[in-house]
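In what follows, a structure is listed as structure tokens, so that the remarks can point back to it.
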Amino acid sequence: MYGEWTINIREYVKLTRRFRDEIGKMDWAAPMDWMCEPFILEMTKKNVLTHQRRTVLNYVALMEMAPDVPWIPVLQGWHPSDYLRCIDLYARYRVDLTKLPVVGVGSICRRQGEVRIAMLLEQLAGCGLKLHGFGIKLKGLELAANSLYSADSMAWSYTARRLPTQCGSKTHKNCANCYEFAEDWRDRVATLIERTRLAGSPLREVQADIFSSEETGSVLPGLSEAL
């Protein structure tokens, strides 16, 4: 939140290698990407295209500097056309995103529960990309699970830190570091994903409801919850 990265690329590589070696089980590492939310652009005084170029160039540089680290590319943007342009930017550097094990999608965490973001993820997945959604919470998973290869969220920790102990323990005041609470949350997420995948994407139904509401001028029950 400083309008720029506070460490350089060499320091970033050093830290990432340390995490890989000392913590272990690193599936992948994100690059030093540049978010594209409007409030971030206001801080950097730059535009979406500049942030996209810096994101792509950083990934390319990291791959050259530290090929031993499992870096993943990240798509950045704000509007759907921005993300498609970001795919093209990677292609200019001969990075075929369809051949990579996972591709991150950034600048969506604050919008992850919106139908338009679920539609964006569906479109990107349709390009043959295995997507990782940054900051996808339960509502976002309900809409977009079928388009995602993986996702992360700090929602469980946020909830655990701000509510009284949920697991019945007498040894801690909240469940911020509680294995039982984390495991229970994980089971909730897994159940939600399985239910969503068995039922199919809810987007078609939601889109149909949107068109119906536009024609009638009414607000459909449940639509606000989906958003």
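Labeling convention for the structure tokens: chains A, B, ... as they appear, residues from 1 per chain, ligands from 1 in order of appearance.
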Worksheet entry | Within 7 Å of A:Ala160 using only C-alpha atoms, minus same-chain residues under 3 positions, as number ranges by chain | A: 156-157, 163, 174-176
Grab the residues selected above and save them as a PDB file, in the first residue's frame with all heavy atoms.
```pdb
ATOM      1  N   TRP A 156     -11.445 -16.978   6.336  1.00  0.00           N
ATOM      2  CA  TRP A 156     -11.594 -17.811   7.534  1.00  0.00           C
ATOM      3  C   TRP A 156     -10.843 -17.199   8.717  1.00  0.00           C
ATOM      4  O   TRP A 156     -11.333 -17.159   9.841  1.00  0.00           O
ATOM      5  CB  TRP A 156     -11.094 -19.228   7.261  1.00  0.00           C
ATOM      6  CG  TRP A 156      -9.596 -19.365   7.294  1.00  0.00           C
ATOM      7  CD1 TRP A 156      -8.734 -19.195   6.247  1.00  0.00           C
ATOM      8  CD2 TRP A 156      -8.793 -19.644   8.440  1.00  0.00           C
ATOM      9  NE1 TRP A 156      -7.436 -19.373   6.666  1.00  0.00           N
ATOM     10  CE2 TRP A 156      -7.440 -19.650   8.012  1.00  0.00           C
ATOM     11  CE3 TRP A 156      -9.057 -19.906   9.779  1.00  0.00           C
ATOM     12  CZ2 TRP A 156      -6.379 -19.903   8.876  1.00  0.00           C
ATOM     13  CZ3 TRP A 156      -7.997 -20.151  10.641  1.00  0.00           C
ATOM     14  CH2 TRP A 156      -6.672 -20.153  10.182  1.00  0.00           C
ATOM     15  N   SER A 157      -9.631 -16.701   8.457  1.00  0.00           N
ATOM     16  CA  SER A 157      -8.819 -16.114   9.514  1.00  0.00           C
ATOM     17  C   SER A 157      -9.437 -14.811  10.009  1.00  0.00           C
ATOM     18  O   SER A 157      -9.423 -14.517  11.206  1.00  0.00           O
ATOM     19  CB  SER A 157      -7.399 -15.866   8.998  1.00  0.00           C
ATOM     20  OG  SER A 157      -6.590 -15.281   9.997  1.00  0.00           O
ATOM     21  N   LEU A 163     -14.425 -13.243  16.072  1.00  0.00           N
ATOM     22  CA  LEU A 163     -15.518 -13.882  16.784  1.00  0.00           C
ATOM     23  C   LEU A 163     -14.976 -14.605  18.017  1.00  0.00           C
ATOM     24  O   LEU A 163     -13.816 -15.010  18.041  1.00  0.00           O
ATOM     25  CB  LEU A 163     -16.223 -14.888  15.869  1.00  0.00           C
ATOM     26  CG  LEU A 163     -17.011 -14.319  14.688  1.00  0.00           C
ATOM     27  CD1 LEU A 163     -17.598 -15.461  13.868  1.00  0.00           C
ATOM     28  CD2 LEU A 163     -18.111 -13.389  15.163  1.00  0.00           C
ATOM     29  N   ASN A 174     -10.057 -16.753  20.845  1.00  0.00           N
ATOM     30  CA  ASN A 174     -10.649 -16.837  19.511  1.00  0.00           C
ATOM     31  C   ASN A 174      -9.941 -17.944  18.739  1.00  0.00           C
ATOM     32  O   ASN A 174      -9.035 -18.587  19.259  1.00  0.00           O
ATOM     33  CB  ASN A 174     -10.565 -15.489  18.775  1.00  0.00           C
ATOM     34  CG  ASN A 174      -9.137 -15.013  18.589  1.00  0.00           C
ATOM     35  OD1 ASN A 174      -8.253 -15.762  18.171  1.00  0.00           O
ATOM     36  ND2 ASN A 174      -8.893 -13.741  18.908  1.00  0.00           N
ATOM     37  N   CYS A 175     -10.357 -18.160  17.518  1.00  0.00           N
ATOM     38  CA  CYS A 175      -9.840 -19.287  16.729  1.00  0.00           C
ATOM     39  C   CYS A 175      -8.876 -18.851  15.633  1.00  0.00           C
ATOM     40  O   CYS A 175      -8.772 -19.503  14.588  1.00  0.00           O
ATOM     41  CB  CYS A 175     -10.998 -20.076  16.130  1.00  0.00           C
ATOM     42  SG  CYS A 175     -11.966 -21.000  17.330  1.00  0.00           S
ATOM     43  N   ALA A 176      -8.176 -17.738  15.885  1.00  0.00           N
ATOM     44  CA  ALA A 176      -7.258 -17.217  14.864  1.00  0.00           C
ATOM     45  C   ALA A 176      -6.195 -18.225  14.462  1.00  0.00           C
ATOM     46  O   ALA A 176      -5.766 -18.259  13.310  1.00  0.00           O
ATOM     47  CB  ALA A 176      -6.603 -15.929  15.363  1.00  0.00           C
TER      48      ALA A 176
END
```
Would you list the contacts of A:Arg111 as a tab-separated table (two decimals) with all heavy atoms, in the first residue's frame, taking every protein, DNA or RNA residue within 9 Å and counting only C-alpha atoms, but skipping same-chain residues closer than 4 positions in sequence?
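Resulting contents of around.tsv:
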```tsv
chain	number	residue	atom	x	y	z
A	107	SER	N	-6.59	-8.45	-8.82
A	107	SER	CA	-7.49	-7.30	-8.74
A	107	SER	C	-8.96	-7.70	-8.76
A	107	SER	O	-9.81	-6.97	-9.29
A	107	SER	CB	-7.20	-6.30	-9.87
A	107	SER	OG	-5.88	-5.81	-9.77
A	115	VAL	N	-21.34	-11.11	-9.98
A	115	VAL	CA	-21.61	-11.95	-11.14
A	115	VAL	C	-20.65	-11.63	-12.28
A	115	VAL	O	-20.17	-12.52	-12.98
A	115	VAL	CB	-23.07	-11.78	-11.61
A	115	VAL	CG1	-23.31	-12.49	-12.93
A	115	VAL	CG2	-24.03	-12.32	-10.56
A	116	ARG	N	-20.34	-10.36	-12.46
A	116	ARG	CA	-19.47	-9.97	-13.58
A	116	ARG	C	-18.08	-10.57	-13.44
A	116	ARG	O	-17.42	-10.86	-14.45
A	116	ARG	CB	-19.38	-8.45	-13.69
A	116	ARG	CG	-18.85	-7.74	-12.45
A	116	ARG	CD	-18.71	-6.25	-12.67
A	116	ARG	NE	-18.29	-5.58	-11.44
A	116	ARG	CZ	-17.88	-4.31	-11.40
A	116	ARG	NH1	-17.82	-3.61	-12.51
A	116	ARG	NH2	-17.54	-3.76	-10.26
A	117	ILE	N	-17.60	-10.76	-12.21
A	117	ILE	CA	-16.29	-11.37	-12.01
A	117	ILE	C	-16.37	-12.87	-12.29
A	117	ILE	O	-15.45	-13.45	-12.89
A	117	ILE	CB	-15.78	-11.11	-10.59
A	117	ILE	CG1	-15.56	-9.61	-10.38
A	117	ILE	CG2	-14.48	-11.87	-10.34
A	117	ILE	CD1	-14.62	-8.96	-11.39
A	136	ILE	N	-10.68	-15.28	-3.24
A	136	ILE	CA	-12.03	-15.74	-3.56
A	136	ILE	C	-12.68	-16.33	-2.32
A	136	ILE	O	-12.25	-17.37	-1.81
A	136	ILE	CB	-12.01	-16.79	-4.68
A	136	ILE	CG1	-11.31	-16.22	-5.93
A	136	ILE	CG2	-13.43	-17.23	-5.03
A	136	ILE	CD1	-12.02	-15.09	-6.58
A	140	GLY	N	-17.91	-16.00	-3.77
A	140	GLY	CA	-17.25	-16.06	-5.07
A	140	GLY	C	-17.10	-17.49	-5.57
A	140	GLY	O	-17.28	-17.77	-6.76
```
Worksheet item: If you measure from atom CA of A:Leu62 to atom CA of A:Asp33, what distance in Å do you get, rounded to one decimal?
Response: 11.2 Å
Practice prompt. Return as a ChimeraX atom specification the full set of residues in stretch 162-198 of chain A whose backbone-based DSSP assignment is helix (DSSP H, G or I).
Written response: /A:162,179-198
Worksheet entry | Option closest in space to A:Arg186, from A:Ser169, A:Ala155, A:Asn146, A:Gly104 [counting only C-alpha atoms] |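 Using only C-alpha atoms, the shortest distance to A:Arg186 belongs to A:Ala155.
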Report as a tab-separated table: every residue of stretch 33-108 of chain A with an atom at most 10 Å from stretch 21-27 of chain A, its closest pair of atoms, and their distance in Å to one decimal, counting only C-alpha atoms, with rows sorted by chain and ascending residue number.
```
residue	atom	partner	partner_atom	distance
A:Val69	CA	A:Met26	CA	9.0
A:Pro70	CA	A:Asp27	CA	6.9
A:Trp71	CA	A:Asp27	CA	9.1
A:Ile72	CA	A:Asp27	CA	9.8
```
Item to complete: Measure the distance from atom CA of A:Glu142 to atom CA of A:Leu121 in Å and round it to one decimal.
Response: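 The value is 12.7 Å.
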Discussion item. So that I can check the secondary structure, give me every residue of stretch 77-157 of chain A assigned strand (DSSP E) by backbone DSSP, as JSON, numbers by chain.
Written reply: {"A": [103, 104, 105, 131, 132, 133, 134, 150, 151, 152]}
Item to complete: Please identify all polymer residues within 12 Å of A:Arg197, counting only C-alpha atoms, omitting same-chain residues fewer than 5 positions from it, and present them as a list in words.
Response: Leu141, Glu142, Leu143, Ala144, Ala145, Asn146, Ser147, Leu148, Ala190, Thr191, Leu192 and Pro202 of chain A
Output file for the residues above (all heavy atoms, as a compact mmCIF listing (two decimals), in the first residue's frame):
```
# COMPACT_ATOMS: atom_id res chain seq x y z
N LEU A 141 -16.79 -18.41 -4.65
CA LEU A 141 -16.66 -19.82 -5.03
C LEU A 141 -18.00 -20.38 -5.50
O LEU A 141 -18.06 -21.20 -6.42
CB LEU A 141 -16.14 -20.63 -3.84
CG LEU A 141 -14.66 -20.46 -3.51
CD1 LEU A 141 -14.33 -21.22 -2.24
CD2 LEU A 141 -13.78 -20.94 -4.66
N GLU A 142 -19.06 -19.95 -4.85
CA GLU A 142 -20.38 -20.44 -5.24
C GLU A 142 -20.70 -20.08 -6.69
O GLU A 142 -21.34 -20.84 -7.42
CB GLU A 142 -21.45 -19.88 -4.30
CG GLU A 142 -22.83 -20.48 -4.51
CD GLU A 142 -23.81 -20.03 -3.45
OE1 GLU A 142 -23.45 -19.16 -2.62
OE2 GLU A 142 -24.93 -20.55 -3.43
N LEU A 143 -20.22 -18.92 -7.11
CA LEU A 143 -20.48 -18.47 -8.48
C LEU A 143 -19.45 -18.97 -9.49
O LEU A 143 -19.78 -19.20 -10.64
CB LEU A 143 -20.50 -16.93 -8.53
CG LEU A 143 -21.69 -16.22 -7.89
CD1 LEU A 143 -21.43 -14.73 -7.81
CD2 LEU A 143 -22.97 -16.51 -8.67
N ALA A 144 -18.20 -19.13 -9.05
CA ALA A 144 -17.12 -19.35 -10.03
C ALA A 144 -16.30 -20.61 -9.84
O ALA A 144 -15.30 -20.80 -10.52
CB ALA A 144 -16.18 -18.14 -10.00
N ALA A 145 -16.70 -21.49 -8.93
CA ALA A 145 -15.89 -22.68 -8.65
C ALA A 145 -15.59 -23.49 -9.91
O ALA A 145 -14.50 -24.04 -10.07
CB ALA A 145 -16.60 -23.57 -7.63
N ASN A 146 -16.55 -23.56 -10.82
CA ASN A 146 -16.36 -24.36 -12.03
C ASN A 146 -15.34 -23.77 -12.99
O ASN A 146 -14.88 -24.46 -13.92
CB ASN A 146 -17.70 -24.54 -12.76
CG ASN A 146 -18.67 -25.42 -11.98
OD1 ASN A 146 -18.24 -26.26 -11.20
ND2 ASN A 146 -19.95 -25.21 -12.17
N SER A 147 -14.97 -22.51 -12.78
CA SER A 147 -14.00 -21.86 -13.66
C SER A 147 -12.60 -21.83 -13.06
O SER A 147 -11.65 -21.41 -13.72
CB SER A 147 -14.44 -20.43 -13.97
OG SER A 147 -15.70 -20.40 -14.60
N LEU A 148 -12.47 -22.28 -11.81
CA LEU A 148 -11.21 -22.14 -11.10
C LEU A 148 -10.49 -23.47 -10.92
O LEU A 148 -11.12 -24.51 -10.66
CB LEU A 148 -11.45 -21.52 -9.72
CG LEU A 148 -11.92 -20.06 -9.70
CD1 LEU A 148 -12.39 -19.69 -8.31
CD2 LEU A 148 -10.80 -19.14 -10.16
N ALA A 190 -14.89 -27.18 0.78
CA ALA A 190 -14.90 -28.36 -0.07
C ALA A 190 -16.32 -28.80 -0.40
O ALA A 190 -16.62 -29.17 -1.54
CB ALA A 190 -14.14 -29.50 0.61
N THR A 191 -17.20 -28.74 0.60
CA THR A 191 -18.60 -29.10 0.37
C THR A 191 -19.27 -28.15 -0.60
O THR A 191 -20.02 -28.57 -1.50
CB THR A 191 -19.37 -29.11 1.71
OG1 THR A 191 -18.78 -30.06 2.59
CG2 THR A 191 -20.83 -29.45 1.50
N LEU A 192 -19.00 -26.85 -0.44
CA LEU A 192 -19.57 -25.85 -1.33
C LEU A 192 -19.10 -26.07 -2.77
O LEU A 192 -19.90 -26.03 -3.71
CB LEU A 192 -19.17 -24.45 -0.86
CG LEU A 192 -19.53 -23.28 -1.79
CD1 LEU A 192 -21.04 -23.18 -1.94
CD2 LEU A 192 -18.95 -21.98 -1.27
N PRO A 202 -24.04 -21.56 -11.79
CA PRO A 202 -25.28 -20.80 -11.60
C PRO A 202 -25.35 -19.56 -12.47
O PRO A 202 -26.34 -18.84 -12.44
CB PRO A 202 -25.21 -20.42 -10.12
CG PRO A 202 -23.75 -20.25 -9.87
CD PRO A 202 -23.06 -21.30 -10.72
```
Fill in: Contacts of stretch 88-91 of chain A at 10 Å (only C-alpha atoms; same-chain gap of 5+ positions) as a VMD selection string
chain A and resid 49 52 to 53 55 to 57 59 to 60 73 to 75 82 to 83 96 to 97
Discussion item. My list of candidates is A:Met32, A:Met154, A:Ala66, A:Cys178. Which is closest to A:His51 when distances are computed with only C-alpha atoms?
Written reply: A:Met32
Discussion item. Calculated over only C-alpha atoms, which of the candidates A:Ser153, A:Gln166, A:Asn58, A:Thr6 has the smallest distance to A:Tyr93?
Written reply: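 Closest residue, counting only C-alpha atoms: A:Asn58.
Atom to atom, atom CA of A:Ile40 and atom CA of A:Gly3 stand 6.9 Å apart.
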